[in-house]
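Q: Data file entry_6.cif (mmCIF, C-alpha atoms (C1' of nucleotides)) is appended below.
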data_entry
loop_
_atom_site.label_atom_id
_atom_site.label_comp_id
_atom_site.auth_asym_id
_atom_site.auth_seq_id
_atom_site.Cartn_x
_atom_site.Cartn_y
_atom_site.Cartn_z
CA MET A 298 94.65 -94.76 6.10
CA GLU A 299 97.74 -95.84 4.16
CA ASN A 300 99.38 -92.55 5.04
CA GLU A 301 100.44 -93.85 8.42
CA ILE A 302 102.33 -96.61 6.71
CA ILE A 303 104.05 -94.21 4.35
CA ASN A 304 105.00 -92.00 7.28
CA PHE A 305 106.38 -94.98 9.06
CA ILE A 306 108.52 -96.01 6.10
CA THR A 307 109.81 -92.52 5.35
CA GLY A 308 111.07 -92.46 8.91
CA TYR A 309 113.64 -94.97 7.64
CA ILE A 310 114.17 -94.19 3.94
CA SER A 311 113.01 -91.43 1.63
CA LEU A 312 110.51 -92.32 -1.08
CA THR A 313 109.69 -90.83 -4.46
CA ALA A 314 106.09 -90.21 -5.42
CA GLU A 315 106.08 -93.29 -7.64
CA GLU A 316 107.47 -95.42 -4.87
CA VAL A 317 104.77 -94.18 -2.54
CA ASN A 318 102.22 -95.32 -5.10
CA ILE A 319 103.78 -98.73 -5.46
CA ILE A 320 103.56 -99.22 -1.73
CA LYS A 321 100.05 -97.89 -1.43
CA GLU A 322 98.67 -100.17 -4.09
CA GLN A 323 100.52 -103.11 -2.55
CA ASN A 324 99.09 -102.76 0.86
CA LEU A 325 96.56 -105.06 2.27
CA ILE A 326 94.45 -103.81 5.11
CA LYS A 327 92.32 -106.04 7.25
CA SER A 328 90.04 -105.70 10.23
CA TYR A 329 89.88 -108.15 13.10
CA LYS A 330 87.41 -108.54 15.92
CA LYS A 331 88.54 -108.29 19.50
CA GLY A 332 89.84 -111.66 20.59
CA THR A 333 91.08 -112.77 17.19
CA VAL A 334 94.28 -114.80 17.42
CA LEU A 335 96.69 -113.86 14.64
CA LEU A 336 99.44 -116.29 15.54
CA SER A 337 99.57 -119.33 17.80
CA GLU A 338 102.34 -121.22 19.49
CA GLY A 339 103.78 -123.81 17.12
CA GLU A 340 102.70 -122.03 13.94
CA PHE A 341 105.07 -120.52 11.43
CA ALA A 342 104.53 -116.79 11.12
CA THR A 343 104.13 -115.85 7.46
CA GLU A 344 103.01 -112.30 8.05
CA CYS A 345 104.18 -109.13 9.66
CA TYR A 346 101.86 -106.36 10.72
CA PHE A 347 101.45 -102.66 11.07
CA VAL A 348 98.81 -101.57 13.55
CA LEU A 349 96.55 -98.84 12.20
CA LYS A 350 93.94 -99.05 14.93
CA GLY A 351 93.53 -101.10 18.08
CA CYS A 352 95.82 -103.05 20.34
CA ILE A 353 97.54 -106.38 19.78
CA ARG A 354 99.14 -108.33 22.56
CA SER A 355 101.90 -110.90 22.29
CA TYR A 356 102.22 -113.49 25.01
CA TYR A 357 103.27 -117.01 25.75
CA LEU A 358 102.28 -119.71 28.18
CA ILE A 359 104.03 -120.95 31.30
CA ASP A 360 102.09 -123.73 33.05
CA GLY A 361 98.96 -122.55 31.33
CA GLU A 362 99.47 -118.97 32.53
CA GLU A 363 99.63 -116.23 29.94
CA LYS A 364 102.70 -114.05 30.19
CA THR A 365 102.46 -110.88 28.17
CA THR A 366 105.61 -109.84 26.35
CA GLU A 367 104.43 -106.80 24.42
CA PHE A 368 101.54 -104.54 23.56
CA TYR A 369 101.39 -103.12 20.05
CA THR A 370 99.23 -100.08 19.42
CA GLU A 371 98.66 -97.50 16.67
CA ASN A 372 101.60 -97.00 14.30
CA GLN A 373 103.69 -99.81 15.70
CA SER A 374 105.01 -102.60 13.54
CA ILE A 375 105.03 -106.23 14.57
CA ARG A 376 107.71 -108.53 13.25
CA PRO A 377 107.18 -111.84 14.99
CA VAL A 378 110.35 -113.62 16.01
CA SER A 379 109.03 -116.60 14.06
CA TYR A 380 108.75 -114.40 10.97
CA ILE A 381 112.40 -113.41 11.29
CA THR A 382 113.76 -116.85 12.11
CA ASN A 383 111.43 -119.13 10.14
CA GLN A 384 111.06 -121.24 13.23
CA PRO A 385 107.75 -122.25 14.84
CA SER A 386 106.48 -119.53 17.09
CA GLU A 387 106.76 -119.67 20.87
CA TYR A 388 104.41 -116.75 21.13
CA TYR A 389 100.79 -115.90 20.52
CA LEU A 390 99.50 -112.73 18.95
CA ALA A 391 95.93 -111.70 19.73
CA CYS A 392 93.75 -108.63 19.39
CA LEU A 393 92.83 -107.00 22.69
CA GLU A 394 90.47 -104.69 20.83
CA ASP A 395 88.85 -104.54 17.42
CA CYS A 396 91.82 -103.87 15.17
CA VAL A 397 92.68 -102.49 11.75
CA VAL A 398 95.98 -103.81 10.52
CA ALA A 399 98.19 -103.57 7.44
CA ILE A 400 99.62 -106.94 6.56
CA GLY A 401 102.79 -107.94 4.79
CA SER A 402 103.13 -111.58 3.82
CA THR A 403 106.45 -113.22 3.10
CA GLU A 404 105.80 -113.54 -0.62
CA ARG A 405 104.25 -110.14 -1.16
CA ASN A 406 107.11 -108.54 0.72
CA LYS A 407 109.58 -110.39 -1.45
CA ARG A 408 107.93 -109.04 -4.58
CA LEU A 409 107.79 -105.58 -3.10
CA ILE A 410 111.48 -105.64 -2.26
CA GLU A 411 112.28 -106.60 -5.84
CA LYS A 412 110.56 -103.43 -6.96
CA LEU A 413 112.03 -101.34 -4.18
CA PRO A 414 115.41 -102.76 -3.18
CA ARG A 415 115.96 -99.92 -0.73
CA LEU A 416 113.42 -101.53 1.53
CA GLU A 417 116.15 -104.03 2.35
CA SER A 418 118.07 -101.35 4.13
CA MET A 419 114.95 -100.37 6.04
CA ILE A 420 114.51 -103.92 7.22
CA MET A 421 118.09 -104.09 8.40
CA GLN A 422 117.61 -100.85 10.27
CA MET A 423 114.38 -102.13 11.78
CA ASN A 424 116.12 -105.25 12.98
CA GLY A 425 118.86 -103.14 14.47
CA ASP A 426 116.35 -100.89 16.17
CA LEU A 427 114.41 -103.83 17.51
CA LEU A 428 117.59 -105.26 18.90
CA VAL A 429 118.54 -102.05 20.63
CA GLN A 430 115.09 -101.45 22.05
CA ASN A 431 115.05 -104.93 23.39
CA GLN A 432 118.50 -104.62 24.90
CA VAL A 433 117.60 -101.37 26.62
CA SER A 434 114.26 -102.70 27.88
CA PHE A 435 115.99 -105.72 29.26
CA ASP A 436 118.66 -103.73 31.05
CA ASN A 437 116.06 -101.41 32.51
CA PHE A 438 113.96 -104.28 33.64
CA LYS A 439 116.86 -105.99 35.31
CA HIS A 440 117.92 -103.07 37.37
CA LEU A 441 114.66 -101.34 38.22
CA SER A 442 112.39 -102.41 41.05
CA PRO A 443 108.87 -103.53 40.13
CA GLU A 444 107.60 -100.21 41.42
CA MET A 445 110.02 -98.25 39.24
CA ARG A 446 109.07 -100.31 36.24
CA TYR A 447 105.43 -99.56 36.91
CA LEU A 448 106.07 -95.83 37.23
CA LYS A 449 108.14 -95.83 34.08
CA LEU A 450 105.45 -97.58 32.11
CA LEU A 451 102.93 -95.08 33.44
CA GLU A 452 105.11 -92.32 32.01
CA THR A 453 105.92 -93.85 28.67
CA ARG A 454 102.71 -95.66 27.76
CA ALA A 455 99.97 -94.11 29.85
CA ASP A 456 97.38 -95.06 27.23
CA LEU A 457 97.81 -98.74 28.04
CA PHE A 458 96.35 -98.22 31.49
CA ASP A 459 93.08 -97.13 29.93
CA ARG A 460 92.78 -99.87 27.38
CA VAL A 461 94.42 -102.97 28.82
CA PRO A 462 93.30 -105.04 31.84
CA LEU A 463 95.65 -104.59 34.76
CA TYR A 464 96.35 -108.27 35.07
CA HIS A 465 97.89 -108.25 31.62
CA LEU A 466 99.98 -105.24 32.54
CA ALA A 467 101.05 -107.13 35.64
CA THR A 468 102.53 -110.05 33.74
CA TYR A 469 104.07 -107.59 31.32
CA LEU A 470 105.79 -105.97 34.31
CA GLY A 471 106.85 -109.38 35.56
CA ILE A 472 104.70 -109.33 38.70
CA THR A 473 101.37 -110.76 39.79
CA ALA A 474 98.07 -108.95 39.47
CA VAL A 475 97.68 -109.01 43.24
CA SER A 476 101.03 -107.38 43.71
CA LEU A 477 100.28 -104.72 41.14
CA SER A 478 97.03 -103.86 42.85
CA ARG A 479 98.74 -103.59 46.22
CA MET A 480 101.47 -101.44 44.71
CA ARG A 481 99.01 -99.01 43.19
CA LYS A 482 97.35 -98.56 46.54
CA ARG A 483 100.68 -98.03 48.24
CA ILE A 484 101.71 -95.42 45.70
CA SER A 485 98.45 -93.49 45.75
CA LYS A 486 98.58 -93.45 49.54
CA SER A 487 102.15 -92.18 49.75
CA SER A 488 101.55 -89.47 47.16
CA THR A 489 98.63 -87.96 49.06
CA ASP A 490 100.33 -87.54 52.42
CA MET B 133 143.97 -119.95 15.60
CA GLU B 134 141.97 -118.58 12.65
CA ASN B 135 140.21 -121.91 12.36
CA GLU B 136 137.77 -120.98 15.10
CA ILE B 137 136.71 -117.99 13.07
CA ILE B 138 136.24 -120.07 9.95
CA ASN B 139 134.19 -122.58 11.91
CA PHE B 140 132.09 -119.80 13.28
CA ILE B 141 131.39 -118.37 9.82
CA THR B 142 130.65 -121.71 8.19
CA GLY B 143 127.99 -122.14 10.84
CA TYR B 144 126.13 -119.46 8.90
CA ILE B 145 127.26 -119.78 5.28
CA SER B 146 129.38 -122.28 3.38
CA LEU B 147 132.78 -121.16 2.12
CA THR B 148 134.99 -122.26 -0.74
CA ALA B 149 138.70 -122.85 -0.13
CA GLU B 150 139.57 -119.52 -1.75
CA GLU B 151 137.06 -117.71 0.39
CA VAL B 152 138.54 -119.28 3.47
CA ASN B 153 141.91 -117.91 2.39
CA ILE B 154 140.57 -114.44 1.81
CA ILE B 155 139.16 -114.40 5.31
CA LYS B 156 142.24 -115.84 6.91
CA GLU B 157 144.56 -113.29 5.40
CA GLN B 158 142.16 -110.52 6.32
CA ASN B 159 142.02 -111.31 9.95
CA LEU B 160 143.62 -109.23 12.56
CA ILE B 161 144.33 -110.87 15.84
CA LYS B 162 145.26 -108.96 18.96
CA SER B 163 146.06 -109.71 22.56
CA TYR B 164 144.91 -107.63 25.49
CA LYS B 165 145.92 -107.65 29.11
CA LYS B 166 143.35 -108.29 31.78
CA GLY B 167 141.63 -105.04 32.64
CA THR B 168 141.95 -103.50 29.19
CA VAL B 169 138.90 -101.44 28.28
CA LEU B 170 137.93 -101.97 24.64
CA LEU B 171 135.00 -99.59 24.57
CA SER B 172 133.84 -96.85 26.92
CA GLU B 173 130.56 -95.10 27.46
CA GLY B 174 130.20 -92.20 25.04
CA GLU B 175 132.57 -93.62 22.44
CA PHE B 176 131.55 -94.77 18.98
CA ALA B 177 132.28 -98.45 18.50
CA THR B 178 134.23 -98.94 15.28
CA GLU B 179 135.10 -102.56 15.87
CA CYS B 180 133.43 -105.87 16.41
CA TYR B 181 135.14 -108.80 18.03
CA PHE B 182 135.47 -112.52 18.07
CA VAL B 183 136.82 -113.99 21.29
CA LEU B 184 139.53 -116.59 20.71
CA LYS B 185 140.70 -116.78 24.30
CA GLY B 186 139.66 -115.15 27.54
CA CYS B 187 136.56 -113.40 28.81
CA ILE B 188 135.17 -109.99 27.99
CA ARG B 189 132.48 -108.33 30.02
CA SER B 190 130.03 -105.68 28.92
CA TYR B 191 128.51 -103.43 31.54
CA TYR B 192 127.14 -99.99 32.16
CA LEU B 193 126.95 -97.64 35.10
CA ILE B 194 123.99 -96.74 37.31
CA ASP B 195 124.92 -94.26 40.05
CA GLY B 196 128.52 -95.32 39.69
CA GLU B 197 127.64 -98.99 40.11
CA GLU B 198 128.67 -101.39 37.39
CA LYS B 199 125.83 -103.50 36.03
CA THR B 200 127.01 -106.41 33.95
CA THR B 201 124.97 -107.12 30.85
CA GLU B 202 126.93 -109.93 29.26
CA PHE B 203 129.98 -112.17 29.44
CA TYR B 204 131.66 -113.16 26.19
CA THR B 205 133.97 -116.15 26.17
CA GLU B 206 135.72 -118.40 23.66
CA ASN B 207 134.09 -118.52 20.21
CA GLN B 208 131.54 -115.87 20.91
CA SER B 209 131.19 -112.80 18.76
CA ILE B 210 130.65 -109.32 20.11
CA ARG B 211 128.72 -106.82 18.04
CA PRO B 212 128.37 -103.75 20.24
CA VAL B 213 125.02 -102.00 20.02
CA SER B 214 126.96 -98.86 19.19
CA TYR B 215 128.59 -100.66 16.28
CA ILE B 216 125.17 -101.59 14.89
CA THR B 217 123.50 -98.24 15.45
CA ASN B 218 126.39 -95.82 14.96
CA GLN B 219 125.36 -94.11 18.14
CA PRO B 220 127.63 -93.37 21.11
CA SER B 221 127.89 -96.39 23.36
CA GLU B 222 126.01 -96.69 26.63
CA TYR B 223 128.10 -99.68 27.51
CA TYR B 224 131.65 -100.55 28.42
CA LEU B 225 133.58 -103.53 27.17
CA ALA B 226 136.49 -104.74 29.27
CA CYS B 227 138.70 -107.81 29.53
CA LEU B 228 138.16 -109.85 32.67
CA GLU B 229 141.15 -111.98 31.73
CA ASP B 230 144.08 -111.77 29.35
CA CYS B 231 142.38 -112.08 25.99
CA VAL B 232 143.11 -113.01 22.39
CA VAL B 233 140.62 -111.47 20.05
CA ALA B 234 139.95 -111.27 16.31
CA ILE B 235 138.94 -107.78 15.32
CA GLY B 236 136.81 -106.49 12.49
CA SER B 237 136.82 -102.76 11.92
CA THR B 238 134.06 -100.98 10.07
CA GLU B 239 136.24 -100.23 7.03
CA ARG B 240 137.96 -103.58 6.82
CA ASN B 241 134.62 -105.33 7.08
CA LYS B 242 133.26 -103.18 4.30
CA ARG B 243 136.13 -104.20 2.05
CA LEU B 244 135.72 -107.81 3.02
CA ILE B 245 132.03 -107.75 2.22
CA GLU B 246 132.81 -106.36 -1.22
CA LYS B 247 134.94 -109.39 -1.87
CA LEU B 248 132.49 -111.78 -0.24
CA PRO B 249 128.97 -110.41 -0.65
CA ARG B 250 127.50 -113.50 0.98
CA LEU B 251 128.79 -112.23 4.29
CA GLU B 252 125.89 -109.76 4.16
CA SER B 253 123.47 -112.59 4.62
CA MET B 254 125.48 -113.88 7.54
CA ILE B 255 125.28 -110.50 9.21
CA MET B 256 121.54 -110.39 8.77
CA GLN B 257 121.27 -113.84 10.26
CA MET B 258 123.50 -112.83 13.15
CA ASN B 259 121.33 -109.84 13.85
CA GLY B 260 118.26 -112.02 13.76
CA ASP B 261 119.87 -114.52 16.10
CA LEU B 262 120.96 -111.80 18.48
CA LEU B 263 117.45 -110.48 18.54
CA VAL B 264 115.95 -113.84 19.31
CA GLN B 265 118.49 -114.68 21.97
CA ASN B 266 117.84 -111.38 23.60
CA GLN B 267 114.09 -111.79 23.45
CA VAL B 268 114.25 -115.23 24.98
CA SER B 269 116.68 -114.16 27.69
CA PHE B 270 114.44 -111.27 28.55
CA ASP B 271 111.33 -113.40 28.78
CA ASN B 272 113.12 -115.94 30.92
CA PHE B 273 114.45 -113.28 33.19
CA LYS B 274 111.07 -111.70 33.65
CA HIS B 275 109.32 -114.85 34.68
CA LEU B 276 111.94 -116.75 36.61
CA SER B 277 112.78 -116.09 40.23
CA PRO B 278 116.32 -114.98 41.04
CA GLU B 279 117.00 -118.47 42.33
CA MET B 280 115.79 -120.08 39.10
CA ARG B 281 117.88 -117.70 37.07
CA TYR B 282 120.90 -118.63 39.14
CA LEU B 283 120.30 -122.33 38.69
CA LYS B 284 119.75 -121.90 34.99
CA LEU B 285 123.00 -120.00 34.59
CA LEU B 286 124.77 -122.70 36.54
CA GLU B 287 123.50 -125.22 34.00
CA THR B 288 124.13 -123.28 30.85
CA ARG B 289 127.37 -121.47 31.61
CA ALA B 290 128.99 -123.31 34.48
CA ASP B 291 132.43 -122.14 33.33
CA LEU B 292 131.59 -118.57 34.33
CA PHE B 293 131.47 -119.54 37.98
CA ASP B 294 135.11 -120.52 37.85
CA ARG B 295 136.40 -117.50 36.03
CA VAL B 296 134.21 -114.56 36.98
CA PRO B 297 133.89 -112.89 40.40
CA LEU B 298 130.53 -113.63 41.96
CA TYR B 299 129.66 -110.00 42.40
CA HIS B 300 129.74 -109.56 38.65
CA LEU B 301 127.54 -112.59 38.23
CA ALA B 302 125.20 -111.08 40.78
CA THR B 303 124.58 -107.89 38.82
CA TYR B 304 124.29 -110.01 35.69
CA LEU B 305 121.51 -111.92 37.44
CA GLY B 306 119.92 -108.67 38.52
CA ILE B 307 120.54 -109.16 42.24
CA THR B 308 123.06 -107.98 44.83
CA ALA B 309 126.21 -109.83 45.71
CA VAL B 310 124.96 -110.24 49.28
CA SER B 311 121.77 -111.80 48.06
CA LEU B 312 123.61 -114.16 45.74
CA SER B 313 125.86 -115.31 48.55
CA ARG B 314 122.88 -115.95 50.82
CA MET B 315 121.12 -117.80 48.05
CA ARG B 316 124.05 -120.10 47.42
CA LYS B 317 124.16 -121.01 51.08
CA ARG B 318 120.43 -121.65 51.13
CA ILE B 319 120.66 -123.91 48.08
CA SER B 320 123.65 -125.90 49.28
CA LYS B 321 121.93 -126.42 52.61
CA SER B 322 118.63 -127.59 51.14
CA SER B 323 120.33 -129.98 48.72
CA THR B 324 122.18 -131.83 51.46
CA ASP B 325 119.20 -132.58 53.69
"C1'" DT C 152 67.14 -104.22 36.38
"C1'" DA C 153 69.08 -108.39 37.66
"C1'" DC C 154 72.46 -111.73 36.49
"C1'" DC C 155 76.86 -113.59 35.08
"C1'" DG C 156 81.43 -113.48 33.79
"C1'" DT C 157 85.34 -110.66 34.08
"C1'" DT C 158 88.41 -107.68 36.44
"C1'" DA C 159 90.22 -105.62 40.62
"C1'" DT C 160 90.90 -105.32 45.47
"C1'" DT C 161 91.78 -106.81 50.13
"C1'" DA C 162 93.50 -109.76 53.89
"C1'" DT C 163 96.72 -113.10 55.82
"C1'" DC C 164 100.79 -115.51 55.86
"C1'" DT C 165 105.37 -116.86 54.18
"C1'" DT C 166 109.52 -116.10 52.04
"C1'" DA C 167 113.34 -113.82 50.12
"C1'" DA C 168 115.58 -109.63 48.48
"C1'" DG C 169 117.61 -104.90 49.62
"C1'" DT C 170 120.57 -102.27 52.79
"C1'" DT C 171 124.28 -101.48 55.77
"C1'" DA C 172 128.03 -102.81 58.21
"C1'" DA C 173 131.20 -105.99 60.20
"C1'" DT C 174 134.06 -109.94 59.37
"C1'" DT C 175 136.33 -113.61 57.12
"C1'" DT C 176 138.66 -115.61 53.25
"C1'" DA C 177 141.43 -115.19 48.90
"C1'" DT C 178 144.59 -112.97 45.85
"C1'" DT C 179 147.95 -110.08 44.35
"C1'" DC C 180 152.23 -108.15 44.29
"C1'" DG C 181 156.17 -105.60 46.32
"C1'" DC D 123 156.62 -114.14 52.87
"C1'" DG D 124 153.48 -110.79 54.42
"C1'" DA D 125 150.92 -106.59 53.87
"C1'" DA D 126 147.44 -104.60 51.18
"C1'" DT D 127 143.64 -105.15 48.38
"C1'" DA D 128 139.88 -107.66 46.50
"C1'" DA D 129 136.20 -110.85 47.00
"C1'" DA D 130 132.89 -113.42 49.65
"C1'" DT D 131 130.26 -114.31 53.62
"C1'" DT D 132 127.48 -113.39 57.68
"C1'" DA D 133 124.29 -110.88 60.70
"C1'" DA D 134 120.36 -107.82 61.73
"C1'" DC D 135 116.73 -105.35 60.11
"C1'" DT D 136 113.26 -103.59 56.74
"C1'" DT D 137 110.40 -104.01 53.01
"C1'" DA D 138 107.75 -105.91 49.42
"C1'" DA D 139 106.57 -109.80 46.47
"C1'" DG D 140 104.34 -114.55 45.98
"C1'" DA D 141 100.43 -117.65 47.09
"C1'" DT D 142 95.87 -118.48 48.27
"C1'" DA D 143 91.35 -117.34 49.18
"C1'" DA D 144 87.56 -114.37 49.86
"C1'" DT D 145 85.22 -110.40 48.45
"C1'" DA D 146 84.04 -106.33 45.84
"C1'" DA D 147 83.33 -103.62 41.66
"C1'" DC D 148 82.44 -103.41 36.90
"C1'" DG D 149 80.29 -104.32 32.28
"C1'" DG D 150 77.59 -106.17 29.07
"C1'" DT D 151 73.26 -108.13 27.93
"C1'" DA D 152 69.04 -110.76 28.09
#
Before we go any further, please render this structure as C-alpha cells.
A:
Amino acid sequence: MENEIINFITGYISLTAEEVNIIKEQNLIKSYKKGTVLLSEGEFATECYFVLKGCIRSYYLIDGEEKTTEFYTENQSIRPVSYITNQPSEYYLACLEDCVVAIGSTERNKRLIEKLPRLESMIMQMNGDLLVQNQVSFDNFKHLSPEMRYLKLLETRADLFDRVPLYHLATYLGITAVSLSRMRKRISKSSTD
Amino acid sequence: MENEIINFITGYISLTAEEVNIIKEQNLIKSYKKGTVLLSEGEFATECYFVLKGCIRSYYLIDGEEKTTEFYTENQSIRPVSYITNQPSEYYLACLEDCVVAIGSTERNKRLIEKLPRLESMIMQMNGDLLVQNQVSFDNFKHLSPEMRYLKLLETRADLFDRVPLYHLATYLGITAVSLSRMRKRISKSSTD
DNA sequence: TACCGTTATTATCTTAAGTTAATTTATTCG
DNA sequence: CGAATAAATTAACTTAAGATAATAACGGTA
C-alpha cells in the first residue's frame, strides 16, 4: 500500500533504499467512511493527504449552495490552501466514497524533512506544479464553452462520471445540474444523427 | 525608485540596512517602449519582473485570437510560469504602456540568494500566495456571472478601465468585446432609472 | 416488495452571450 | 490638420444557460 506513495515521491526526487524505509515507517494510513468531513470552513488545516483509495471532494458554500472545486482520486495528493497559508480554510474536504488515505501532519512532516532535506525541493516543485495546473485549468475554463468543458472532462477524467453524482460535476463545471442534464441530452442526440 | 522594491520585499521578510544595500546595488532597472514583447510563446523565461511604472499584459493565443490572462501594474511582481517550471512558455508578456521594470535574471537571483538565503523563504511565500490568489480568482470566476465579474473588476482594479483597451478587458473577463459593450450599456441604463 | 430519500430528467419561460457585420467614435502620426 | 488606423458601439439573429417546478428513475433497506 505504501508503494504508491513511494512511486509518487520518486516522481519528484530519487530515493535511496534507506530513505524509502524512513518514509515507509513514517507513514500513517487511515480509513474514512463515506461522508466523513476532513476539513471544514473556518478550521486550520494541519494535515495534507495522499489518496490511496476512494474519492475526496473539495467544495465551498455560496448562499448555502455547495460549489465543488476539485475531486481527488487514487494517487492524487491534497495540499489544502489552508495548509499552505496557515489561514483558516474557506473550503471543505469530504469523502464521497469510503476512503483510504495517507496523512502527513505539519509536525510529522517537519520531522521527516529534517531527516530528508531533499523533500524540501519536492515540496517546492509540487507547489510550482500546483500553480501551473491551476493556471492552465483556469485559462481553459475561461475560454471554453460549458459544453467544451464537459467534453474535455469526459476525456480526461472519465472515471468521475461513474463515481460522482452529476450535480456535483455540474458545479465543478460551473453550471447547474439542470443545464448539464440538458446538455447531455443535446450531445447524445446530435451524435446519433 | 528602488524603494518600491525594498518595500515589496519587506512585506515578506525583514531586512537589515546592509541587506537593503545589497539588494539595491544588485538591482537592474530597465525601460521599455509600449508594445515591447518581453516573452514570447515557445521561449524559456529567464527573467522575472517587478513593475515600477506602466502596465504589462500576459496573454496567449487561441486560433490567432489573443486571450488576456493578467494585467500587471505598479508594484506588482511577475513570475512567469515558464520561469518557475523551466518549460517553454505558453504565454506572451508585452508592455501595454511605456514601462519601467526591475529585472531579476535566473543567475543574478541565484547569486543574490547565496548572499541572502532568507530570500528563499520569500520565494516560497510568493509561490504560496500566487497559488492562493489563483485559486480564489478561479473559484470566483466559475461561480460569478460575467456581469458580476465585470462589476467586481470595476471595484478592485478601477485603474485598468482608464489605461487598458476594453477589448483586452473583455477577454480577461472571458467574454467578447461586443458583449462587454452591451453589458456596460445595460448597466448604465439600469442604474439611472 | 414497497417505501423513502437521493439523483436525474423534462418542460416552460426569461435573459444574456456568441456571431457577424455595419457604423460611429477616438487616436495616432505623417 | 486630416487621413489612416484602432477601438467601441449598435443592430439583428441564434443559441444556450439560469430559474423554477413538476416528474421520473434509481438505490438502499426495513
Q: Please find the residues of chain B near chain A - the criterion being any atom within 6 Å, counting all atoms listed in the file - and write them as a ChimeraX atom specification.
A: /B:263,270,274,306
Q: Can you work out which residues from chain B touch chain C at a cut-off of 10 Å (counting only C-alpha atoms (C1' of nucleotides)) and hand them back as a PyMOL selection string?
A: chain B and resi 278-279+307-308+310-312+314-315
Q: Determine the residue membership of the PyMOL selection byres ((chain D) within 9 of (chain B)) for the file above and supply it as a PDB file with C-alpha atoms (C1' of nucleotides), in the coordinates of the input.
A:
ATOM      1  C1'  DA D 129     136.200-110.850  47.000  1.00  0.00           C
ATOM      2  C1'  DA D 130     132.890-113.420  49.650  1.00  0.00           C
ATOM      3  C1'  DT D 131     130.260-114.310  53.620  1.00  0.00           C
ATOM      4  C1'  DT D 132     127.480-113.390  57.680  1.00  0.00           C
TER       5       DT D 132
END
Q: Would you list the contacts of segment 234-247 of chain B as an mmCIF file with C-alpha atoms, in the frame of the given file, taking every protein, DNA or RNA residue within 8 Å and counting all atoms listed in the file, but skipping same-chain residues closer than 4 positions in sequence?
A:
data_model
loop_
_atom_site.group_PDB
_atom_site.id
_atom_site.type_symbol
_atom_site.label_atom_id
_atom_site.label_comp_id
_atom_site.auth_asym_id
_atom_site.auth_seq_id
_atom_site.Cartn_x
_atom_site.Cartn_y
_atom_site.Cartn_z
ATOM 1 C CA ILE B 155 139.160 -114.400 5.310
ATOM 2 C CA GLN B 158 142.160 -110.520 6.320
ATOM 3 C CA ASN B 159 142.020 -111.310 9.950
ATOM 4 C CA LEU B 160 143.620 -109.230 12.560
ATOM 5 C CA ILE B 161 144.330 -110.870 15.840
ATOM 6 C CA LYS B 162 145.260 -108.960 18.960
ATOM 7 C CA THR B 178 134.230 -98.940 15.280
ATOM 8 C CA GLU B 179 135.100 -102.560 15.870
ATOM 9 C CA CYS B 180 133.430 -105.870 16.410
ATOM 10 C CA TYR B 181 135.140 -108.800 18.030
ATOM 11 C CA PHE B 182 135.470 -112.520 18.070
ATOM 12 C CA VAL B 183 136.820 -113.990 21.290
ATOM 13 C CA LEU B 184 139.530 -116.590 20.710
ATOM 14 C CA LEU B 251 128.790 -112.230 4.290
ATOM 15 C CA GLU B 252 125.890 -109.760 4.160
#
Q: Please indicate the distance in Å from atom CA of Phe368 of chain A to atom CA of Gly308 of chain A, rounded to one decimal place.
A: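 If I compute the distance from atom CA of Phe368 of chain A to atom CA of Gly308 of chain A, I get 21.2 Å.
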Q: Figure out the distance between atom CA of Ser386 of chain A and atom CA of Arg281 of chain B, please, to one decimal in Å.
A: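 It comes out at 23.1 Å.
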Q: What does the structure give for the distance between atom CA of Met445 of chain A and atom CA of Leu457 of chain A, in Å to one decimal?
A: 16.6 Å
